[in-house]
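Undergrad: Please see the structure below; I have some questions.
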Amino acid sequence: MLVSKILNDMKNIKYCIVILGIILAVGCGDFLDEYSQDEIIPSTADDLDQLLVGEAYPIVLPILSYLDLLTDDVESNYPTNSTQYQCLVTGAGVFTWAEDMYERLEENTKTPINTWEYYYARIMGCNVVLDNIDAAIGDVSIKGNVKGQSLTMSSYYHFMLVNLFARPYNMEGIDLSKESGIPLMLSSAVKDEAPKRATLEQVYKQIEKDLLEAAPLMKLYGQNNNSFKANDLFTYNLLSRLYLYEEKWEKVIEYADYVIERKPVLLNLSDIVMASGLFNWSFGTKNVFDEASEERIWRYSRNNEFGPFFYLYNAPVAFQASEELKDLYEKDKGGNSADLRLGCYYRSYSQSGSTRIQYGQKAITGTSKGLRVAEAYLNRAEAQIRLYLQNGNDELRKAALKDLNYLRSRRFYTRTELYKDIDKNGEALLEFCLDERRRELSFEEHRWFDLRRNGMPEIVHILTLEAGMPVTFVLEEKSDKYVLPIPRNVSDRNPNLK
């Protein structure tokens with residue numbers, strides 16, 4: 001919902017919360033001298049629910065559309081078509097891990113992408129709700145639902161920020177109590193002092209605290225929220241992901257268990273493909289992020305999410321899914337895809353007699369991101385394998401295989417010889433699980449973070465901005481560039497972030 005709509009509905013809100021949030025995030029206190037928290041006084045739970053929808057949830061803007069350009073899941077071409085070439089120029093700074101990547105994005109896009117400011121603006125919306133919900137008039141169930149959603153979404157945004165702009169939680173050799181994280185914004189009160197970075201330990205503890213407070217509220221009051229809002233499955237799945245990054249394996253399993261017990265069924269891709277095994281994009285059906293999908297928890301993205309960087313038509317495209325990623329999907333003896341995800345999860349085009357796959361297309365109605373039950377299965381399987389490797393408990397290995405084989409059985413034609421259960425052990429099982437995570441969750445804002453928490457390996461990208469002149473760029477193992485630069489317009493206004 002737009003701010004103007006909210007202001008029309010709520011006469012006692014005098015100022016645009018989004019603008020306040022952005023300015024607060026960059027630490028420009030002087031501009032805010034005239035504003036007071038007392039002037040922002042939504043009085044009912046219904047008012048705050050409307051505010052939450054408009055100011056705390058993602059809107060139709062590219063937020064992290066560039067994230068996969070940083071990873072080994074994407075490679076580039078040299079397109080001669082002017083539209084495609086502009087996509088290449090737009091993404092070049094990100095694709096080469098440039099220190100001024102955000103400034104180069106701003107120069108080359110009509111819709112500047114400032115993830116830092118955007119997330120903190122959403123956090124401000126959450127904080128306005130949290131600061132007023134206890135005193136608001138309304139049914140306890142509405143208040144509990146709104147509060148649970150606000151805590152969950154604030155936690156989600158802080159979690160994304162700390163994994164973009166700080167070092168990995170599990171990085172070897174760092175002191176969590178001293179390592180810089182991100183500013184924690186826990187109130188909508190306006191302050192002159194520019195926000196400072198909290199430590200990684202403080203950030204993760206706050207996220208955990210808020211999610212654990214939200215979980216029982218969502219369990220009681222949020223189970224029936226639609227999948228464009230946070231619900232109990234969102235909160236519990238995010239807790240599972242948090243503990244995965246922290247390597248608290250038993251807790252990963254505990255919270256993934258809740259998600260899977262509540263929503264155990266994954267979409268069977270063999271039910272949505274043609275007899276040929278190809279996905280028919282020409283007629284409407286469902287995919288894993290569509291409303292009718294058995295596994296959808298939350299969806300936020302819209303059709304234009306990848307627009308500045310991936311453009312399907314006028315091949316060759318600027319950026320496409322890498323051959324390395326494509327080759328991870330199993331083929332039959334004739335070289336055809338046995339794994340239905342290759343046809344269902346991607347658009348494709350032909351070039352020089354070969355098929356190239358485009359970015360993820362996991363909903364009929366457009367590109368999608370969000371949360372799915374498939375992640376809970378993968379989180380739990382990985383945690384079970386990590387514990388099995390630590391203590392040798394074969395029951396954990398079998399439990400992980402059960403999760404992985406169920407997931408795979410929903411992604412292959414199980415009625416033919418193309419599908420077989422896997423039976424692996426040791427490090428080979430962990431490697432398979434991580435590859436399965438890459439196959440399943442591609443282009444859903446996981447790969448960059450998974451690379452960070454799994455050793456920050458070397459990545460090589462080749463970029464050609466002039467015909468016949470390819471240039472190789474290397475992201476070295478454990479490079480500081482695994483931490484993204486704070487946009488210059490943010491750091492210039494807030495010296496506490498340097």
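Starting from 1 in every chain, residues are counted up; chains themselves are A, B, ... following the order of the structure tokens, and ligands are numbered from 1 as listed.
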Would you mind writing down, as a list in words, each residue of segment 203-445 of chain A that DSSP on the backbone assigns to strand (DSSP E or B)?

TA: Arg296, Ile297, Trp298, Arg299, Phe319, Gln320, Ala321, Lys331, Ser337, Asp339, Tyr346, Arg347, Ser348, Tyr349, Ser350, Gln351, Ser354, Thr355, Arg356, Ile357, Gln358, Tyr359, Gly360, Gly370, Leu371, Arg372 and Phe412 of chain A

Undergrad: Would you save the residues from that selection as a short mmCIF file (atom, residue, chain, number, x, y, z; two decimals), in the first residue's frame, using N, CA and C atoms?

TA:
```
data_model
loop_
_atom_site.label_atom_id
_atom_site.label_comp_id
_atom_site.auth_asym_id
_atom_site.auth_seq_id
_atom_site.Cartn_x
_atom_site.Cartn_y
_atom_site.Cartn_z
N ARG A 296 4.58 -23.38 -0.96
CA ARG A 296 4.83 -21.94 -0.83
C ARG A 296 4.55 -21.48 0.59
N ILE A 297 5.47 -20.76 1.19
CA ILE A 297 5.29 -20.14 2.50
C ILE A 297 5.05 -18.64 2.35
N TRP A 298 5.91 -17.99 1.56
CA TRP A 298 5.84 -16.54 1.40
C TRP A 298 6.44 -16.17 0.06
N ARG A 299 5.82 -15.25 -0.62
CA ARG A 299 6.33 -14.78 -1.90
C ARG A 299 6.30 -13.27 -1.92
N PHE A 319 23.44 -11.77 -19.29
CA PHE A 319 23.78 -12.70 -18.22
C PHE A 319 22.84 -13.90 -18.30
N GLN A 320 23.36 -15.04 -17.94
CA GLN A 320 22.56 -16.27 -17.97
C GLN A 320 23.05 -17.20 -16.87
N ALA A 321 22.24 -18.20 -16.58
CA ALA A 321 22.67 -19.22 -15.63
C ALA A 321 23.90 -19.92 -16.18
N LYS A 331 21.24 -35.86 -16.09
CA LYS A 331 20.79 -36.18 -17.43
C LYS A 331 20.57 -37.68 -17.55
N SER A 337 17.47 -34.01 -20.02
CA SER A 337 17.35 -33.72 -18.60
C SER A 337 16.41 -34.72 -17.93
N ASP A 339 16.20 -34.52 -14.58
CA ASP A 339 15.77 -33.67 -13.48
C ASP A 339 14.84 -32.60 -14.04
N TYR A 346 13.56 -22.65 -15.05
CA TYR A 346 14.28 -21.67 -15.86
C TYR A 346 13.57 -21.41 -17.18
N ARG A 347 13.71 -20.21 -17.67
CA ARG A 347 13.45 -19.93 -19.07
C ARG A 347 14.68 -20.38 -19.85
N SER A 348 14.53 -20.55 -21.13
CA SER A 348 15.68 -20.96 -21.93
C SER A 348 15.59 -20.34 -23.33
N TYR A 349 16.69 -20.33 -24.03
CA TYR A 349 16.73 -19.86 -25.42
C TYR A 349 17.81 -20.65 -26.15
N SER A 350 17.73 -20.65 -27.46
CA SER A 350 18.71 -21.39 -28.27
C SER A 350 19.74 -20.44 -28.85
N GLN A 351 20.98 -20.89 -28.83
CA GLN A 351 22.06 -20.10 -29.40
C GLN A 351 23.10 -21.06 -29.97
N SER A 354 22.73 -24.78 -29.32
CA SER A 354 22.70 -25.29 -27.95
C SER A 354 21.68 -24.51 -27.14
N THR A 355 21.20 -25.12 -26.08
CA THR A 355 20.20 -24.48 -25.22
C THR A 355 20.89 -23.79 -24.05
N ARG A 356 20.59 -22.52 -23.88
CA ARG A 356 21.11 -21.76 -22.75
C ARG A 356 19.96 -21.49 -21.79
N ILE A 357 20.22 -21.59 -20.50
CA ILE A 357 19.16 -21.35 -19.54
C ILE A 357 19.30 -19.97 -18.92
N GLN A 358 18.14 -19.36 -18.71
CA GLN A 358 18.10 -18.03 -18.13
C GLN A 358 17.92 -18.12 -16.63
N TYR A 359 17.59 -17.00 -16.03
CA TYR A 359 17.42 -16.93 -14.59
C TYR A 359 16.23 -17.75 -14.14
N GLY A 360 16.07 -17.89 -12.83
CA GLY A 360 14.99 -18.69 -12.29
C GLY A 360 13.61 -18.12 -12.58
N GLY A 370 11.22 -15.60 -2.02
CA GLY A 370 10.46 -15.72 -0.79
C GLY A 370 10.93 -16.92 0.00
N LEU A 371 9.99 -17.69 0.52
CA LEU A 371 10.31 -18.86 1.34
C LEU A 371 9.47 -20.03 0.88
N ARG A 372 10.09 -21.23 0.87
CA ARG A 372 9.38 -22.45 0.50
C ARG A 372 9.74 -23.56 1.48
N PHE A 412 11.65 -35.45 -10.15
CA PHE A 412 11.91 -36.36 -11.25
C PHE A 412 10.62 -37.08 -11.62
#
```

Undergrad: Find the residues near Val146 of chain A: any atom within 12 Å, counting only C-alpha atoms, skip ones fewer than 2 places away on the same chain, and give them as a PyMOL selection string.

TA: chain A and resi 44-53+56+126-134+136+138-144+148-153+214+217-218+220-222+225+229-231

Undergrad: Nearest to Ser270 of chain A: which of A:Asn287, A:Ser491, A:Ser322, A:Ser177 is it, counting only C-alpha atoms?

TA: A:Asn287

Undergrad: Could you check which of A:Asn268, A:Ser442, A:Asn114, A:Ser227 is closest to Leu342 of chain A, using only C-alpha atoms?

TA: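 When distances to Leu342 of chain A are compared using only C-alpha atoms, the smallest one comes from A:Ser442.
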
Undergrad: Could you list, as a PyMOL selection string, every residue within 9 Å of Leu328 of chain A, counting only C-alpha atoms and ignoring same-chain residues fewer than 3 positions away?

TA: chain A and resi 323-325+435-436+438-439

Undergrad: Could those selected residues go to a file with C-alpha atoms, as a PDB file, in the first residue's frame?

TA:
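Everything below was put into part14.pdb:
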```pdb
ATOM      1  CA  GLU A 323      27.065 -23.913 -17.513  1.00  0.00           C
ATOM      2  CA  GLU A 324      28.424 -25.098 -14.165  1.00  0.00           C
ATOM      3  CA  LEU A 325      24.977 -24.732 -12.625  1.00  0.00           C
ATOM      4  CA  ASP A 435      24.740 -29.373  -4.517  1.00  0.00           C
ATOM      5  CA  GLU A 436      21.085 -30.279  -4.066  1.00  0.00           C
ATOM      6  CA  ARG A 438      22.158 -25.194  -5.127  1.00  0.00           C
ATOM      7  CA  ARG A 439      19.951 -26.992  -7.653  1.00  0.00           C
TER       8      ARG A 439
END
```

Undergrad: Quick one, how far is atom CA of Asp72 of chain A from atom CA of Asp175 of chain A?

TA: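 Separation between atom CA of Asp72 of chain A and atom CA of Asp175 of chain A: 28.7 Å.
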
Undergrad: Could you tell me how far atom CA of Arg341 of chain A lies from atom CA of Ile459 of chain A, in Å and to one decimal?

TA: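 Value for the atom CA of Arg341 of chain A-atom CA of Ile459 of chain A distance: 24.4 Å.
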
Undergrad: Please give the complete set of residues from segment 434-484 of chain A that DSSP, run on the backbone, assigns to alpha helix (DSSP H), formatted as a list in words.

TA: Leu434, Asp435, Glu436, Arg437, Arg438, Arg439, Glu440, Arg447, Trp448, Phe449, Asp450, Leu451, Arg452 and Arg453 of chain A

Undergrad: Can I get the selection written as a short mmCIF file (atom, residue, chain, number, x, y, z; two decimals), in the first residue's frame, with all heavy atoms?

TA:
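The file below, out_7.cif, is the result:
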```
data_model
loop_
_atom_site.label_atom_id
_atom_site.label_comp_id
_atom_site.auth_asym_id
_atom_site.auth_seq_id
_atom_site.Cartn_x
_atom_site.Cartn_y
_atom_site.Cartn_z
N LEU A 434 24.77 -30.15 -0.40
CA LEU A 434 25.02 -28.76 -0.76
C LEU A 434 24.75 -28.51 -2.24
O LEU A 434 24.24 -27.45 -2.62
CB LEU A 434 26.46 -28.38 -0.40
CG LEU A 434 26.78 -28.40 1.10
CD1 LEU A 434 28.26 -28.10 1.34
CD2 LEU A 434 25.91 -27.41 1.88
N ASP A 435 25.07 -29.49 -3.09
CA ASP A 435 24.74 -29.37 -4.52
C ASP A 435 23.23 -29.39 -4.72
O ASP A 435 22.70 -28.68 -5.58
CB ASP A 435 25.38 -30.51 -5.31
CG ASP A 435 26.87 -30.30 -5.55
OD1 ASP A 435 27.35 -29.17 -5.35
OD2 ASP A 435 27.55 -31.28 -5.92
N GLU A 436 22.54 -30.22 -3.96
CA GLU A 436 21.09 -30.28 -4.07
C GLU A 436 20.47 -28.96 -3.65
O GLU A 436 19.49 -28.48 -4.25
CB GLU A 436 20.55 -31.42 -3.20
CG GLU A 436 19.08 -31.72 -3.41
CD GLU A 436 18.76 -32.27 -4.79
OE1 GLU A 436 19.69 -32.70 -5.52
OE2 GLU A 436 17.58 -32.25 -5.16
N ARG A 437 21.03 -28.35 -2.63
CA ARG A 437 20.57 -27.02 -2.20
C ARG A 437 20.76 -26.00 -3.33
O ARG A 437 19.88 -25.18 -3.59
CB ARG A 437 21.36 -26.61 -0.96
CG ARG A 437 20.92 -25.31 -0.32
CD ARG A 437 21.74 -25.03 0.93
NE ARG A 437 21.33 -23.78 1.53
CZ ARG A 437 20.35 -23.66 2.44
NH1 ARG A 437 19.71 -24.73 2.84
NH2 ARG A 437 20.03 -22.48 2.94
N ARG A 438 21.88 -26.11 -4.02
CA ARG A 438 22.16 -25.19 -5.13
C ARG A 438 21.18 -25.43 -6.28
O ARG A 438 20.68 -24.46 -6.87
CB ARG A 438 23.60 -25.39 -5.60
CG ARG A 438 24.05 -24.39 -6.66
CD ARG A 438 25.51 -24.63 -7.00
NE ARG A 438 25.97 -23.72 -8.05
CZ ARG A 438 27.15 -23.81 -8.64
NH1 ARG A 438 28.02 -24.75 -8.28
NH2 ARG A 438 27.49 -22.94 -9.59
N ARG A 439 20.90 -26.69 -6.59
CA ARG A 439 19.95 -26.99 -7.65
C ARG A 439 18.54 -26.50 -7.33
O ARG A 439 17.85 -25.96 -8.19
CB ARG A 439 19.91 -28.51 -7.90
CG ARG A 439 21.08 -29.08 -8.66
CD ARG A 439 20.88 -30.57 -8.96
NE ARG A 439 21.10 -31.39 -7.77
CZ ARG A 439 22.24 -32.00 -7.48
NH1 ARG A 439 23.29 -31.88 -8.26
NH2 ARG A 439 22.34 -32.75 -6.38
N GLU A 440 18.14 -26.71 -6.10
CA GLU A 440 16.76 -26.43 -5.72
C GLU A 440 16.49 -24.96 -5.48
O GLU A 440 15.44 -24.43 -5.86
CB GLU A 440 16.41 -27.24 -4.46
CG GLU A 440 15.00 -27.02 -3.94
CD GLU A 440 13.93 -27.47 -4.90
OE1 GLU A 440 14.15 -28.44 -5.67
OE2 GLU A 440 12.84 -26.86 -4.90
N ARG A 447 22.41 -18.57 -2.80
CA ARG A 447 23.74 -19.03 -3.22
C ARG A 447 24.87 -18.16 -2.66
O ARG A 447 25.88 -18.69 -2.17
CB ARG A 447 23.82 -19.09 -4.75
CG ARG A 447 25.15 -19.62 -5.30
CD ARG A 447 25.44 -21.01 -4.79
NE ARG A 447 26.74 -21.52 -5.27
CZ ARG A 447 27.33 -22.60 -4.79
NH1 ARG A 447 26.76 -23.30 -3.82
NH2 ARG A 447 28.49 -23.00 -5.27
N TRP A 448 24.75 -16.85 -2.71
CA TRP A 448 25.80 -15.97 -2.21
C TRP A 448 26.05 -16.22 -0.73
O TRP A 448 27.18 -16.32 -0.26
CB TRP A 448 25.45 -14.52 -2.45
CG TRP A 448 26.45 -13.51 -1.96
CD1 TRP A 448 26.27 -12.59 -0.97
CD2 TRP A 448 27.80 -13.31 -2.44
NE1 TRP A 448 27.40 -11.83 -0.80
CE2 TRP A 448 28.36 -12.25 -1.69
CE3 TRP A 448 28.57 -13.92 -3.42
CZ2 TRP A 448 29.66 -11.79 -1.89
CZ3 TRP A 448 29.88 -13.47 -3.62
CH2 TRP A 448 30.40 -12.42 -2.87
N PHE A 449 24.97 -16.36 0.03
CA PHE A 449 25.11 -16.60 1.46
C PHE A 449 25.66 -17.99 1.74
O PHE A 449 26.43 -18.19 2.70
CB PHE A 449 23.75 -16.41 2.14
CG PHE A 449 23.16 -15.04 1.95
CD1 PHE A 449 21.81 -14.88 1.73
CD2 PHE A 449 23.95 -13.90 2.00
CE1 PHE A 449 21.25 -13.62 1.56
CE2 PHE A 449 23.42 -12.63 1.82
CZ PHE A 449 22.05 -12.50 1.60
N ASP A 450 25.28 -18.97 0.94
CA ASP A 450 25.83 -20.32 1.11
C ASP A 450 27.32 -20.36 0.80
O ASP A 450 28.10 -21.06 1.46
CB ASP A 450 25.08 -21.32 0.23
CG ASP A 450 23.70 -21.65 0.77
OD1 ASP A 450 23.43 -21.36 1.96
OD2 ASP A 450 22.87 -22.18 0.00
N LEU A 451 27.75 -19.61 -0.20
CA LEU A 451 29.18 -19.51 -0.49
C LEU A 451 29.92 -18.88 0.68
O LEU A 451 31.02 -19.33 1.05
CB LEU A 451 29.40 -18.69 -1.76
CG LEU A 451 29.00 -19.34 -3.09
CD1 LEU A 451 28.96 -18.29 -4.20
CD2 LEU A 451 29.96 -20.46 -3.46
N ARG A 452 29.33 -17.87 1.28
CA ARG A 452 29.97 -17.19 2.41
C ARG A 452 30.14 -18.13 3.59
O ARG A 452 31.20 -18.18 4.22
CB ARG A 452 29.12 -15.98 2.84
CG ARG A 452 29.30 -14.73 1.98
CD ARG A 452 28.21 -13.70 2.25
NE ARG A 452 27.91 -13.52 3.66
CZ ARG A 452 28.47 -12.61 4.46
NH1 ARG A 452 29.41 -11.79 3.98
NH2 ARG A 452 28.12 -12.50 5.72
N ARG A 453 29.12 -18.90 3.91
CA ARG A 453 29.19 -19.73 5.11
C ARG A 453 29.92 -21.05 4.86
O ARG A 453 30.20 -21.79 5.81
CB ARG A 453 27.80 -19.99 5.68
CG ARG A 453 26.90 -20.86 4.85
CD ARG A 453 25.51 -21.02 5.46
NE ARG A 453 24.67 -21.89 4.65
CZ ARG A 453 24.65 -23.21 4.75
NH1 ARG A 453 25.39 -23.82 5.66
NH2 ARG A 453 23.87 -23.93 3.97
#
```

Undergrad: As a ChimeraX atom specification, please: the residues near Cys433 of chain A (cut-off 9 Å, only C-alpha atoms, same-chain neighbours under 3 positions excluded).

TA: /A:378,381-382,385,400,404,428-430,436-438

Undergrad: Pick out the residues sitting within 12 Å of Glu106 of chain A, and hand them over as a list in words; count only C-alpha atoms, and ignore anything fewer than 2 positions along from it in its own chain.

TA: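 The residues satisfying every condition are Val89, Thr90, Gly91, Gly93, Val94, Asp100, Met101, Tyr102, Glu103, Arg104, Asn108, Thr109, Lys110, Thr111, Pro112, Ile113, Asn114, Thr115, Pro308, Pro487, Arg488 and Asn489 of chain A.
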
Undergrad: Given only C-alpha atoms as the basis, pick out the residue of A:Tyr377, A:Tyr118, A:Phe473, A:Phe310 nearest to Ile260 of chain A.

TA: A:Tyr377
